[in-house]
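Participant: PDB, C-alpha atoms, pLDDT in the B column, file target_5.pdb:
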ATOM      1  CA  MET A   1     168.313 127.862 -61.326  1.00 50.00           C
ATOM      2  CA  LYS A   2     167.660 130.655 -63.760  1.00 49.00           C
ATOM      3  CA  SER A   3     165.268 129.884 -66.575  1.00 43.00           C
ATOM      4  CA  SER A   4     167.968 131.013 -69.010  1.00 48.00           C
ATOM      5  CA  ALA A   5     170.411 128.349 -67.754  1.00 52.00           C
ATOM      6  CA  LEU A   6     168.998 125.932 -70.332  1.00 57.00           C
ATOM      7  CA  PRO A   7     167.500 127.011 -73.635  1.00 83.00           C
ATOM      8  CA  THR A   8     164.248 125.045 -73.275  1.00 93.00           C
ATOM      9  CA  PHE A   9     162.287 122.864 -70.892  1.00 95.00           C
ATOM     10  CA  GLY A  10     162.713 120.037 -73.397  1.00 96.00           C
ATOM     11  CA  ALA A  11     166.499 120.272 -73.067  1.00 94.00           C
ATOM     12  CA  TRP A  12     166.221 120.237 -69.274  1.00 95.00           C
ATOM     13  CA  LEU A  13     163.814 117.288 -69.389  1.00 97.00           C
ATOM     14  CA  LYS A  14     166.105 115.198 -71.556  1.00 97.00           C
ATOM     15  CA  THR A  15     169.191 116.021 -69.494  1.00 96.00           C
ATOM     16  CA  ARG A  16     167.432 115.331 -66.195  1.00 96.00           C
ATOM     17  CA  ARG A  17     165.776 112.146 -67.479  1.00 97.00           C
ATOM     18  CA  HIS A  18     169.193 110.798 -68.465  1.00 97.00           C
ATOM     19  CA  ALA A  19     170.615 111.814 -65.076  1.00 97.00           C
ATOM     20  CA  CYS A  20     167.812 109.842 -63.403  1.00 97.00           C
ATOM     21  CA  ASP A  21     168.594 106.875 -65.693  1.00 98.00           C
ATOM     22  CA  MET A  22     165.053 106.743 -67.067  1.00 98.00           C
ATOM     23  CA  THR A  23     163.825 105.958 -70.538  1.00 98.00           C
ATOM     24  CA  GLN A  24     161.111 108.025 -72.190  1.00 98.00           C
ATOM     25  CA  LYS A  25     158.767 105.083 -71.696  1.00 98.00           C
ATOM     26  CA  GLU A  26     159.567 104.831 -67.971  1.00 98.00           C
ATOM     27  CA  LEU A  27     159.073 108.558 -67.447  1.00 98.00           C
ATOM     28  CA  ALA A  28     155.811 108.526 -69.368  1.00 98.00           C
ATOM     29  CA  ARG A  29     154.515 105.656 -67.271  1.00 98.00           C
ATOM     30  CA  ALA A  30     155.577 107.384 -64.033  1.00 98.00           C
ATOM     31  CA  ALA A  31     154.005 110.677 -65.123  1.00 98.00           C
ATOM     32  CA  GLY A  32     150.797 109.111 -66.408  1.00 98.00           C
ATOM     33  CA  CYS A  33     151.138 110.272 -69.994  1.00 98.00           C
ATOM     34  CA  ALA A  34     151.966 108.793 -73.384  1.00 98.00           C
ATOM     35  CA  GLU A  35     155.539 108.168 -74.455  1.00 98.00           C
ATOM     36  CA  ILE A  36     154.957 110.359 -77.523  1.00 98.00           C
ATOM     37  CA  THR A  37     154.119 113.227 -75.177  1.00 98.00           C
ATOM     38  CA  ILE A  38     157.541 112.968 -73.521  1.00 98.00           C
ATOM     39  CA  ARG A  39     159.193 112.691 -76.928  1.00 98.00           C
ATOM     40  CA  LYS A  40     157.418 115.821 -78.202  1.00 98.00           C
ATOM     41  CA  ILE A  41     158.168 117.838 -75.053  1.00 97.00           C
ATOM     42  CA  GLN A  42     161.857 116.929 -75.327  1.00 97.00           C
ATOM     43  CA  ALA A  43     161.853 117.950 -78.981  1.00 96.00           C
ATOM     44  CA  ASP A  44     160.159 121.251 -78.065  1.00 93.00           C
ATOM     45  CA  GLN A  45     157.178 120.359 -80.236  1.00 95.00           C
ATOM     46  CA  LEU A  46     154.770 120.391 -77.290  1.00 95.00           C
ATOM     47  CA  ARG A  47     154.474 122.536 -74.181  1.00 95.00           C
ATOM     48  CA  PRO A  48     153.372 120.535 -71.117  1.00 97.00           C
ATOM     49  CA  SER A  49     150.270 121.506 -69.210  1.00 96.00           C
ATOM     50  CA  LYS A  50     150.835 122.970 -65.758  1.00 96.00           C
ATOM     51  CA  LYS A  51     149.702 119.712 -64.195  1.00 97.00           C
ATOM     52  CA  LEU A  52     152.016 117.571 -66.332  1.00 98.00           C
ATOM     53  CA  ALA A  53     154.938 119.942 -65.791  1.00 97.00           C
ATOM     54  CA  ARG A  54     154.466 119.652 -61.999  1.00 97.00           C
ATOM     55  CA  VAL A  55     154.362 115.859 -62.222  1.00 98.00           C
ATOM     56  CA  LEU A  56     157.479 115.750 -64.401  1.00 98.00           C
ATOM     57  CA  LEU A  57     159.362 117.970 -61.958  1.00 97.00           C
ATOM     58  CA  GLU A  58     158.338 115.681 -59.117  1.00 97.00           C
ATOM     59  CA  LYS A  59     159.207 112.443 -60.926  1.00 97.00           C
ATOM     60  CA  LEU A  60     162.586 113.839 -61.992  1.00 97.00           C
ATOM     61  CA  ASP A  61     163.372 115.030 -58.464  1.00 96.00           C
ATOM     62  CA  ALA A  62     163.762 118.700 -59.348  1.00 95.00           C
ATOM     63  CA  ARG A  63     165.082 120.620 -56.360  1.00 95.00           C
ATOM     64  CA  PRO A  64     162.439 122.707 -54.572  1.00 94.00           C
ATOM     65  CA  ASP A  65     164.478 125.889 -55.093  1.00 95.00           C
ATOM     66  CA  GLU A  66     164.497 125.260 -58.872  1.00 94.00           C
ATOM     67  CA  ARG A  67     160.850 124.384 -59.368  1.00 95.00           C
ATOM     68  CA  ASP A  68     159.471 127.904 -59.887  1.00 95.00           C
ATOM     69  CA  ALA A  69     162.054 128.683 -62.568  1.00 94.00           C
ATOM     70  CA  LEU A  70     161.506 125.315 -64.224  1.00 95.00           C
ATOM     71  CA  MET A  71     157.732 125.781 -64.225  1.00 95.00           C
ATOM     72  CA  ALA A  72     158.210 129.165 -65.878  1.00 94.00           C
ATOM     73  CA  LEU A  73     160.522 127.565 -68.430  1.00 94.00           C
ATOM     74  CA  ALA A  74     158.033 124.746 -69.087  1.00 95.00           C
ATOM     75  CA  ARG A  75     155.155 127.141 -69.631  1.00 89.00           C
ATOM     76  CA  ARG A  76     157.097 129.791 -71.568  1.00 84.00           C
ATOM     77  CA  LYS A  77     155.896 130.320 -75.088  1.00 72.00           C
ATOM     78  CA  GLN A  78     158.535 129.395 -77.589  1.00 63.00           C
ATOM     79  CA  ARG A  79     158.934 131.009 -80.959  1.00 55.00           C
ATOM     80  CA  ALA A  80     159.988 127.616 -82.268  1.00 49.00           C
ATOM     81  CA  TRP A  81     156.873 125.696 -81.194  1.00 45.00           C
ATOM     82  CA  ARG A  82     155.885 123.612 -84.184  1.00 45.00           C
TER      83      ARG A  82
END
Once you've parsed the file, please lay out its structure as structure tokens.
Facilitator:
Amino acid sequence: MKSSALPTFGAWLKTRRHACDMTQKELARAAGCAEITIRKIQADQLRPSKKLARVLLEKLDARPDERDALMALARRKQRAWR
């Protein structure tokens, strides 16, 4: 997956979370973070730490061949960060 395939990590997270049939609350619990953290990442108001990004990729069953690109997308600085 190219990091340009989706505009933001938040968009990927929301799409993948829905595909895995998980609520924000369920994902937060599985990832060991607050529900508001998931909400803010999805809204592109918060960039996940490297550790949290890795956990989210694992919990959402990201394919191994996509993980490097997704990590780069998760950690990329956005002009729109609020």
Participant: Just say which residues the PyMOL selection byres ((chain A and resi 44) around 12) picks in this file, as a PyMOL selection string.
Facilitator: chain A and resi 7-14+37-43+45-48+73-82
Participant: When you count all atoms listed in the file, which of these residues is closest to Thr15 of chain A: A:Ala34, A:Ala69, A:Leu60, A:Ala53?
Facilitator: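 Among A:Ala34, A:Ala69, A:Leu60, A:Ala53, it is A:Leu60 that comes nearest to Thr15 of chain A.
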Participant: Atom CA of Leu70 of chain A to atom CA of Lys25 of chain A: how many Å, to one decimal?
Facilitator: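 Between these atoms lies a distance of 21.7 Å.
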Participant: So which residues get picked by the PyMOL selection byres ((chain A and resi 31) around 10) here, written as number ranges by chain?
Facilitator: A: 25-30, 32-35, 38, 52-60
Participant: Tell me, in Å to one decimal, how far atom CA of Ala62 of chain A is from atom CA of Lys50 of chain A.
Facilitator: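 Value for the atom CA of Ala62 of chain A-atom CA of Lys50 of chain A distance: 15.0 Å.
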